Amino acid sequence: MNATNLHLFVLVVPLLAALAINLLGRRSRQWIAPLVLGSLAFSVFGSVIIMARVVEYGTLRYTVGNWQPPYGIELVVDPLSALMMVLIAVVALLASFSSLKSVEQELPGREHFFFTLYMILIVGLFGLVLTGDAFNLYVLLEITSITTYGLIAMGKGRAALSSFNYIIMGSIAACFYLLGIGYIYILTGTLNMADIARILPTLNAPVATATAIAFVLVGLWIKMAFFPLHSWLPNAYSQAPTGAGTLIAPLMTKVTVYLMVRVIITMYTPALVFTHEWIARGVVWAASLAIICGSVLALGQKDLRRMLTYIIIAEVGYMVGGIFLANANGLTGSILHIVNDAFMTLCLFLVVAAIIYRQGSVSLVSLRGIFRRMPITMAAFTLGAFAMIGVPPTCGFFSKWYLILGGIDGGHWEFVVALIVSSLINAVLFFRIIELGYFGSLPDGDNQEHAIDERREAPWWMLSPLVLTAVILIVVGLSTGPLVNNVIRLMIPVGF
Amino acid sequence: MEAIIGEVVAKYNYWIYVVLMMIGFYAMIGKRNLVKKLIGMNIFQTSIILFFVSTGVKKGGGIPIVDKYKALASNIDAATIVNPLPHVLMLTAIVVGVSVTGVALAVLQRIYREYGTLEEDEILEKLQR
């Protein structure tokens, strides 16, 4: 192992761990926790080193099997993918602590199946941010999707049905993406992203190029649940096993947004994507609509986890809109929001996992008086809620600030208005829960088993990652400046 | 009219894939039976596989197996062999398709065990009760 191929080890170690979990975890479940935590800790360690190297020396390239690009598959680590690697590794490690505990409770005897899929999903996500090959990206997209289908179907009740709907939608999305890549291949004769970016602008085929971009983008929009195409997400994410939700909800949509950034910046070059001003304008309008509708739909939910899934849909609107503002502030805001939203969603879903572990339900009624029962959990929830609303100095404020600046720069007032309205709706949503939890008390005769003022905090395994995530929300918020200047600025294309 | 027919005949492979794709799409959206939806998904995937494979074909192209030493000694004329890359890509896509189908069938089994039916409206009816 040396420093030039460390990023390959970051990907391979969890993969080997996945196989080992299936073999050894079958014998005894003692093996599962050390394997999961050990391999993910290695990934965190490795990805941080890679990040430092990339910031210092610039983009790393690695050709697998010594087939030279553009023919061979190339792994590329530029500042953005290094940032995503650190994000995925840290979120996965924090989520896995909580998942180990909640899976032990929800799926006894099937833990080794669950964690095999869990680790392969993480490997797929690492692969997605590393690859520099358009077709390889399709394969990895399907690896992450297939493992997600499996994880969601392990839930109770309607989960299998929701998973099937997700399979149908996800496959349509993957096929659209593949079709777009087919067009690109016919046009350019190559699948290497850097090579495509070199050849595509020299061709004089505006209609075919636009069709290819449209297919790829629509495919990715379905996968990330961009507003009119979001119908599969709320059911799938709210009925998945709690342990799966804590990993899937923060990472899947965010990594897909990353893929869209990657495709727009590295593969098509922004000049080609934003040639028609009315298309970018239309997408920003759709994003504004997504933000408003996601927030309003969240208002109507009676269950905390379901409410959060609609907030995810609104947040996807933030990020897509920010990219299609087509200016530096908007793009910075979007990339920053990928990081921030992953941690905010992680924080809130860890809270959900902790509450479900203790009382089995997160319906708004059952949250009455929750502050007295689980004070530390709810303190973290309040911090996560502040980040979602966008209260400084939590990280949510800074990305929203960049997005609003981008909206003003681009003259997209509808986007600015949508952002502000959604922040207000978020404030209403979360203060409603904080009020219920702080001042409400359980009605007499209902749920006698958790007597009203008895303190039953979540176990250490769930509480410590939660507290750490809440701290990260503030740390990321305070280190926005260095993050933007040293990493994200490097990714903004020239002339943007 | 003749112009349209000429256009269709000249690019018939693309028209076949478009028609197959629409059949698959209709089955996925329009059918109420979950197995039929799954089969629609398979048709959809197959149409894209056919599309890719047909892009590699060249008129009069031979199989892409060439003698290594001959190829190194004198350059092979690319027009004499079909392009093998789309076929190779589609091998991977077929594997992906088969695994998605496998997962979907397993999920369908669970749905059948839970609700005793695979008709979407009957399941929804049971859920409302």
# chains A, B, ... in the order shown; residues from 1 in each chain; ligands from 1

$ interface_residues --of "chain A" --to "chain B" --cutoff "10 Å" --atoms "only C-alpha atoms" --output "MDAnalysis selection string"
chainID A and resid 135:136 138:140 142:143 145:147 149:150 153:154 157:172 174:176 178:179 181:183 185:186 189:190

$ write_last_selection --atoms "C-alpha atoms" --output "tab-separated table (two decimals), in the first residue's frame"
chain	number	residue	atom	x	y	z
A	135	PHE	CA	-20.34	3.76	-18.09
A	136	ASN	CA	-18.62	2.68	-14.89
A	138	TYR	CA	-23.89	3.60	-14.46
A	139	VAL	CA	-22.77	0.26	-13.04
A	140	LEU	CA	-21.93	1.78	-9.65
A	142	GLU	CA	-27.00	0.40	-10.01
A	143	ILE	CA	-24.88	-1.24	-7.30
A	145	SER	CA	-29.53	1.28	-6.01
A	146	ILE	CA	-29.81	-2.52	-5.80
A	147	THR	CA	-28.40	-2.59	-2.28
A	149	TYR	CA	-33.76	-1.74	-2.71
A	150	GLY	CA	-32.70	-4.69	-0.57
A	153	ALA	CA	-37.37	-4.16	1.57
A	154	MET	CA	-36.08	-5.45	4.93
A	157	GLY	CA	-45.29	-3.70	6.72
A	158	ARG	CA	-45.55	-1.75	3.48
A	159	ALA	CA	-41.77	-1.60	3.02
A	160	ALA	CA	-41.70	-4.33	0.34
A	161	LEU	CA	-44.32	-2.51	-1.74
A	162	SER	CA	-42.48	0.80	-1.43
A	163	SER	CA	-39.26	-0.95	-2.36
A	164	PHE	CA	-40.90	-2.35	-5.50
A	165	ASN	CA	-42.12	1.08	-6.56
A	166	TYR	CA	-38.59	2.36	-6.00
A	167	ILE	CA	-37.22	-0.50	-8.15
A	168	ILE	CA	-39.48	0.48	-11.05
A	169	MET	CA	-38.68	4.20	-10.78
A	170	GLY	CA	-34.99	3.57	-10.16
A	171	SER	CA	-34.72	1.30	-13.19
A	172	ILE	CA	-36.41	3.84	-15.46
A	174	ALA	CA	-30.93	4.10	-14.75
A	175	CYS	CA	-32.14	3.27	-18.27
A	176	PHE	CA	-32.50	6.96	-19.12
A	178	LEU	CA	-27.69	4.62	-19.95
A	179	LEU	CA	-29.51	5.88	-23.03
A	181	ILE	CA	-24.52	7.67	-22.34
A	182	GLY	CA	-25.31	5.72	-25.51
A	183	TYR	CA	-25.92	8.98	-27.37
A	185	TYR	CA	-20.79	7.29	-27.06
A	186	ILE	CA	-22.18	7.47	-30.59
A	189	GLY	CA	-16.64	7.35	-29.41
A	190	THR	CA	-15.36	7.49	-25.86

$ select_by_dssp --residues "segment 8-250 of chain A" --states "alpha helix (DSSP H)" --output "MDAnalysis selection string"
chainID A and resid 8:27 32:57 79:106 111:130 134:153 159:188 193:199 206:224 233:239 242:250

$ select_by_dssp --residues "segment 30-137 of chain A" --states "strand (DSSP E or B)" --output "ChimeraX atom specification"
/A:60-63,74-77,131,133

$ write_last_selection --atoms "N, CA and C atoms" --output "CSV table (one decimal), in the first residue's frame"
chain,number,residue,atom,x,y,z
A,60,LEU,N,-5.5,13.6,-8.2
A,60,LEU,CA,-4.8,12.3,-8.4
A,60,LEU,C,-5.6,11.5,-9.4
A,61,ARG,N,-4.8,10.7,-10.3
A,61,ARG,CA,-5.4,9.9,-11.2
A,61,ARG,C,-4.8,8.5,-11.1
A,62,TYR,N,-5.7,7.5,-11.2
A,62,TYR,CA,-5.2,6.1,-11.1
A,62,TYR,C,-5.9,5.2,-12.1
A,63,THR,N,-5.1,4.5,-12.9
A,63,THR,CA,-5.7,3.7,-14.0
A,63,THR,C,-5.7,2.3,-13.5
A,74,GLU,N,-10.7,4.9,-15.4
A,74,GLU,CA,-9.8,5.8,-14.6
A,74,GLU,C,-10.5,6.2,-13.3
A,75,LEU,N,-9.7,6.1,-12.2
A,75,LEU,CA,-10.3,6.7,-11.0
A,75,LEU,C,-9.6,8.1,-10.8
A,76,VAL,N,-10.5,9.1,-10.6
A,76,VAL,CA,-10.0,10.4,-10.5
A,76,VAL,C,-10.4,11.0,-9.2
A,77,VAL,N,-9.4,11.5,-8.4
A,77,VAL,CA,-9.8,12.2,-7.2
A,77,VAL,C,-9.4,13.7,-7.3
A,131,THR,N,-15.0,7.4,-9.7
A,131,THR,CA,-14.9,7.0,-11.1
A,131,THR,C,-14.8,8.2,-12.1
A,133,ASP,N,-15.3,7.4,-15.4
A,133,ASP,CA,-15.7,6.8,-16.6
A,133,ASP,C,-17.3,6.8,-16.6

$ atom_distance --atom1 "atom CA of Gly317 of chain A" --atom2 "atom CA of Ala287 of chain A"
4.5 Å

$ decode --residues "segment 149-302 of chain A" --atoms "C-alpha atoms" --output "PDB file, in the first residue's frame"
ATOM      1  CA  TYR A 149     -33.763  -1.738  -2.714  1.00  0.00           C
ATOM      2  CA  GLY A 150     -32.696  -4.688  -0.571  1.00  0.00           C
ATOM      3  CA  LEU A 151     -32.179  -2.609   2.563  1.00  0.00           C
ATOM      4  CA  ILE A 152     -35.542  -0.879   2.198  1.00  0.00           C
ATOM      5  CA  ALA A 153     -37.368  -4.158   1.568  1.00  0.00           C
ATOM      6  CA  MET A 154     -36.084  -5.453   4.931  1.00  0.00           C
ATOM      7  CA  GLY A 155     -38.441  -3.051   6.711  1.00  0.00           C
ATOM      8  CA  LYS A 156     -41.794  -3.968   8.186  1.00  0.00           C
ATOM      9  CA  GLY A 157     -45.288  -3.701   6.715  1.00  0.00           C
ATOM     10  CA  ARG A 158     -45.546  -1.750   3.478  1.00  0.00           C
ATOM     11  CA  ALA A 159     -41.774  -1.598   3.019  1.00  0.00           C
ATOM     12  CA  ALA A 160     -41.705  -4.331   0.337  1.00  0.00           C
ATOM     13  CA  LEU A 161     -44.317  -2.513  -1.740  1.00  0.00           C
ATOM     14  CA  SER A 162     -42.477   0.801  -1.425  1.00  0.00           C
ATOM     15  CA  SER A 163     -39.259  -0.950  -2.365  1.00  0.00           C
ATOM     16  CA  PHE A 164     -40.903  -2.354  -5.501  1.00  0.00           C
ATOM     17  CA  ASN A 165     -42.115   1.080  -6.559  1.00  0.00           C
ATOM     18  CA  TYR A 166     -38.593   2.355  -5.999  1.00  0.00           C
ATOM     19  CA  ILE A 167     -37.217  -0.497  -8.146  1.00  0.00           C
ATOM     20  CA  ILE A 168     -39.485   0.485 -11.047  1.00  0.00           C
ATOM     21  CA  MET A 169     -38.678   4.200 -10.779  1.00  0.00           C
ATOM     22  CA  GLY A 170     -34.987   3.569 -10.162  1.00  0.00           C
ATOM     23  CA  SER A 171     -34.719   1.299 -13.193  1.00  0.00           C
ATOM     24  CA  ILE A 172     -36.407   3.836 -15.457  1.00  0.00           C
ATOM     25  CA  ALA A 173     -33.901   6.384 -14.177  1.00  0.00           C
ATOM     26  CA  ALA A 174     -30.926   4.103 -14.750  1.00  0.00           C
ATOM     27  CA  CYS A 175     -32.144   3.266 -18.270  1.00  0.00           C
ATOM     28  CA  PHE A 176     -32.500   6.958 -19.117  1.00  0.00           C
ATOM     29  CA  TYR A 177     -28.983   7.565 -17.906  1.00  0.00           C
ATOM     30  CA  LEU A 178     -27.695   4.620 -19.949  1.00  0.00           C
ATOM     31  CA  LEU A 179     -29.511   5.884 -23.035  1.00  0.00           C
ATOM     32  CA  GLY A 180     -27.924   9.306 -22.621  1.00  0.00           C
ATOM     33  CA  ILE A 181     -24.516   7.671 -22.336  1.00  0.00           C
ATOM     34  CA  GLY A 182     -25.306   5.716 -25.512  1.00  0.00           C
ATOM     35  CA  TYR A 183     -25.921   8.977 -27.369  1.00  0.00           C
ATOM     36  CA  ILE A 184     -22.677  10.395 -25.994  1.00  0.00           C
ATOM     37  CA  TYR A 185     -20.793   7.289 -27.063  1.00  0.00           C
ATOM     38  CA  ILE A 186     -22.176   7.469 -30.589  1.00  0.00           C
ATOM     39  CA  LEU A 187     -21.251  11.154 -30.759  1.00  0.00           C
ATOM     40  CA  THR A 188     -17.755  10.972 -29.306  1.00  0.00           C
ATOM     41  CA  GLY A 189     -16.642   7.348 -29.412  1.00  0.00           C
ATOM     42  CA  THR A 190     -15.360   7.491 -25.856  1.00  0.00           C
ATOM     43  CA  LEU A 191     -16.636   6.916 -22.341  1.00  0.00           C
ATOM     44  CA  ASN A 192     -13.908   8.650 -20.364  1.00  0.00           C
ATOM     45  CA  MET A 193     -15.361  11.809 -18.830  1.00  0.00           C
ATOM     46  CA  ALA A 194     -12.318  14.005 -19.456  1.00  0.00           C
ATOM     47  CA  ASP A 195     -12.150  12.754 -23.046  1.00  0.00           C
ATOM     48  CA  ILE A 196     -15.869  13.431 -23.570  1.00  0.00           C
ATOM     49  CA  ALA A 197     -15.374  16.962 -22.256  1.00  0.00           C
ATOM     50  CA  ARG A 198     -12.541  17.424 -24.764  1.00  0.00           C
ATOM     51  CA  ILE A 199     -14.392  16.073 -27.813  1.00  0.00           C
ATOM     52  CA  LEU A 200     -17.980  17.228 -27.223  1.00  0.00           C
ATOM     53  CA  PRO A 201     -17.469  20.998 -27.746  1.00  0.00           C
ATOM     54  CA  THR A 202     -15.629  20.348 -31.040  1.00  0.00           C
ATOM     55  CA  LEU A 203     -18.637  18.569 -32.529  1.00  0.00           C
ATOM     56  CA  ASN A 204     -21.271  20.490 -34.361  1.00  0.00           C
ATOM     57  CA  ALA A 205     -24.298  18.470 -33.285  1.00  0.00           C
ATOM     58  CA  PRO A 206     -26.379  20.689 -30.986  1.00  0.00           C
ATOM     59  CA  VAL A 207     -29.580  18.613 -31.110  1.00  0.00           C
ATOM     60  CA  ALA A 208     -27.955  15.242 -30.391  1.00  0.00           C
ATOM     61  CA  THR A 209     -25.836  16.748 -27.590  1.00  0.00           C
ATOM     62  CA  ALA A 210     -28.865  18.375 -26.020  1.00  0.00           C
ATOM     63  CA  THR A 211     -30.821  15.097 -26.205  1.00  0.00           C
ATOM     64  CA  ALA A 212     -27.990  13.229 -24.526  1.00  0.00           C
ATOM     65  CA  ILE A 213     -27.771  15.815 -21.744  1.00  0.00           C
ATOM     66  CA  ALA A 214     -31.534  15.723 -21.286  1.00  0.00           C
ATOM     67  CA  PHE A 215     -31.624  11.925 -20.922  1.00  0.00           C
ATOM     68  CA  VAL A 216     -28.744  11.862 -18.443  1.00  0.00           C
ATOM     69  CA  LEU A 217     -30.147  14.700 -16.352  1.00  0.00           C
ATOM     70  CA  VAL A 218     -33.682  13.292 -16.237  1.00  0.00           C
ATOM     71  CA  GLY A 219     -32.240   9.939 -15.164  1.00  0.00           C
ATOM     72  CA  LEU A 220     -30.323  11.566 -12.337  1.00  0.00           C
ATOM     73  CA  TRP A 221     -33.307  13.720 -11.337  1.00  0.00           C
ATOM     74  CA  ILE A 222     -35.468  10.632 -10.851  1.00  0.00           C
ATOM     75  CA  LYS A 223     -32.710   9.048  -8.744  1.00  0.00           C
ATOM     76  CA  MET A 224     -32.392  12.126  -6.552  1.00  0.00           C
ATOM     77  CA  ALA A 225     -36.180  12.684  -6.276  1.00  0.00           C
ATOM     78  CA  PHE A 226     -36.301  16.139  -7.856  1.00  0.00           C
ATOM     79  CA  PHE A 227     -39.784  17.475  -7.245  1.00  0.00           C
ATOM     80  CA  PRO A 228     -42.200  16.234  -9.919  1.00  0.00           C
ATOM     81  CA  LEU A 229     -40.266  12.918  -9.979  1.00  0.00           C
ATOM     82  CA  HIS A 230     -40.147  12.450  -6.204  1.00  0.00           C
ATOM     83  CA  SER A 231     -43.127  10.172  -5.583  1.00  0.00           C
ATOM     84  CA  TRP A 232     -41.084   7.094  -4.669  1.00  0.00           C
ATOM     85  CA  LEU A 233     -38.984   8.709  -1.953  1.00  0.00           C
ATOM     86  CA  PRO A 234     -41.233   9.415   1.064  1.00  0.00           C
ATOM     87  CA  ASN A 235     -42.615   5.865   1.296  1.00  0.00           C
ATOM     88  CA  ALA A 236     -39.296   4.180   0.641  1.00  0.00           C
ATOM     89  CA  TYR A 237     -37.330   6.232   3.156  1.00  0.00           C
ATOM     90  CA  SER A 238     -39.926   6.282   5.905  1.00  0.00           C
ATOM     91  CA  GLN A 239     -40.616   2.541   5.814  1.00  0.00           C
ATOM     92  CA  ALA A 240     -37.036   1.321   5.550  1.00  0.00           C
ATOM     93  CA  PRO A 241     -35.559  -0.228   8.701  1.00  0.00           C
ATOM     94  CA  THR A 242     -34.418   2.598  10.988  1.00  0.00           C
ATOM     95  CA  GLY A 243     -30.799   1.514  10.658  1.00  0.00           C
ATOM     96  CA  ALA A 244     -30.984   1.738   6.861  1.00  0.00           C
ATOM     97  CA  GLY A 245     -32.694   5.133   6.937  1.00  0.00           C
ATOM     98  CA  THR A 246     -29.839   6.709   8.894  1.00  0.00           C
ATOM     99  CA  LEU A 247     -27.408   5.801   6.112  1.00  0.00           C
ATOM    100  CA  ILE A 248     -29.575   6.105   2.985  1.00  0.00           C
ATOM    101  CA  ALA A 249     -31.323   9.376   3.756  1.00  0.00           C
ATOM    102  CA  PRO A 250     -28.190  11.496   4.300  1.00  0.00           C
ATOM    103  CA  LEU A 251     -26.130   9.986   1.492  1.00  0.00           C
ATOM    104  CA  MET A 252     -28.114   8.685  -1.496  1.00  0.00           C
ATOM    105  CA  THR A 253     -29.743  11.890  -2.724  1.00  0.00           C
ATOM    106  CA  LYS A 254     -26.658  13.948  -1.905  1.00  0.00           C
ATOM    107  CA  VAL A 255     -24.306  11.692  -3.858  1.00  0.00           C
ATOM    108  CA  THR A 256     -26.704  11.828  -6.812  1.00  0.00           C
ATOM    109  CA  VAL A 257     -26.607  15.620  -6.665  1.00  0.00           C
ATOM    110  CA  TYR A 258     -22.822  15.322  -6.653  1.00  0.00           C
ATOM    111  CA  LEU A 259     -23.103  13.177  -9.793  1.00  0.00           C
ATOM    112  CA  MET A 260     -25.126  15.905 -11.455  1.00  0.00           C
ATOM    113  CA  VAL A 261     -22.420  18.456 -10.580  1.00  0.00           C
ATOM    114  CA  ARG A 262     -19.795  16.051 -11.898  1.00  0.00           C
ATOM    115  CA  VAL A 263     -21.678  15.437 -15.140  1.00  0.00           C
ATOM    116  CA  ILE A 264     -22.298  19.152 -15.709  1.00  0.00           C
ATOM    117  CA  ILE A 265     -18.806  20.375 -14.800  1.00  0.00           C
ATOM    118  CA  THR A 266     -16.496  17.575 -15.870  1.00  0.00           C
ATOM    119  CA  MET A 267     -18.356  15.730 -18.596  1.00  0.00           C
ATOM    120  CA  TYR A 268     -20.442  18.222 -20.562  1.00  0.00           C
ATOM    121  CA  THR A 269     -18.662  21.430 -19.613  1.00  0.00           C
ATOM    122  CA  PRO A 270     -20.978  24.180 -18.303  1.00  0.00           C
ATOM    123  CA  ALA A 271     -20.820  26.102 -21.575  1.00  0.00           C
ATOM    124  CA  LEU A 272     -22.755  23.317 -23.337  1.00  0.00           C
ATOM    125  CA  VAL A 273     -25.292  22.750 -20.571  1.00  0.00           C
ATOM    126  CA  PHE A 274     -26.169  26.403 -20.108  1.00  0.00           C
ATOM    127  CA  THR A 275     -26.259  27.391 -23.797  1.00  0.00           C
ATOM    128  CA  HIS A 276     -30.020  27.813 -23.769  1.00  0.00           C
ATOM    129  CA  GLU A 277     -30.844  30.348 -21.115  1.00  0.00           C
ATOM    130  CA  TRP A 278     -34.524  29.327 -20.984  1.00  0.00           C
ATOM    131  CA  ILE A 279     -33.646  25.748 -19.970  1.00  0.00           C
ATOM    132  CA  ALA A 280     -31.614  26.873 -16.964  1.00  0.00           C
ATOM    133  CA  ARG A 281     -34.395  29.331 -16.125  1.00  0.00           C
ATOM    134  CA  GLY A 282     -36.987  26.546 -16.348  1.00  0.00           C
ATOM    135  CA  VAL A 283     -34.977  24.254 -14.079  1.00  0.00           C
ATOM    136  CA  VAL A 284     -34.570  27.016 -11.492  1.00  0.00           C
ATOM    137  CA  TRP A 285     -38.339  27.558 -11.560  1.00  0.00           C
ATOM    138  CA  ALA A 286     -38.887  23.822 -11.127  1.00  0.00           C
ATOM    139  CA  ALA A 287     -36.418  23.849  -8.224  1.00  0.00           C
ATOM    140  CA  SER A 288     -38.255  26.751  -6.596  1.00  0.00           C
ATOM    141  CA  LEU A 289     -41.478  24.790  -6.982  1.00  0.00           C
ATOM    142  CA  ALA A 290     -39.761  21.729  -5.486  1.00  0.00           C
ATOM    143  CA  ILE A 291     -38.659  23.747  -2.464  1.00  0.00           C
ATOM    144  CA  ILE A 292     -42.107  25.207  -1.831  1.00  0.00           C
ATOM    145  CA  CYS A 293     -44.013  21.963  -2.470  1.00  0.00           C
ATOM    146  CA  GLY A 294     -41.610  19.847  -0.414  1.00  0.00           C
ATOM    147  CA  SER A 295     -41.950  22.214   2.528  1.00  0.00           C
ATOM    148  CA  VAL A 296     -45.740  22.474   2.264  1.00  0.00           C
ATOM    149  CA  LEU A 297     -46.144  18.688   1.989  1.00  0.00           C
ATOM    150  CA  ALA A 298     -43.917  18.319   5.060  1.00  0.00           C
ATOM    151  CA  LEU A 299     -46.373  20.509   6.974  1.00  0.00           C
ATOM    152  CA  GLY A 300     -49.134  17.982   6.408  1.00  0.00           C
ATOM    153  CA  GLN A 301     -47.312  14.977   7.909  1.00  0.00           C
ATOM    154  CA  LYS A 302     -48.161  13.470  11.271  1.00  0.00           C
TER     155      LYS A 302
END
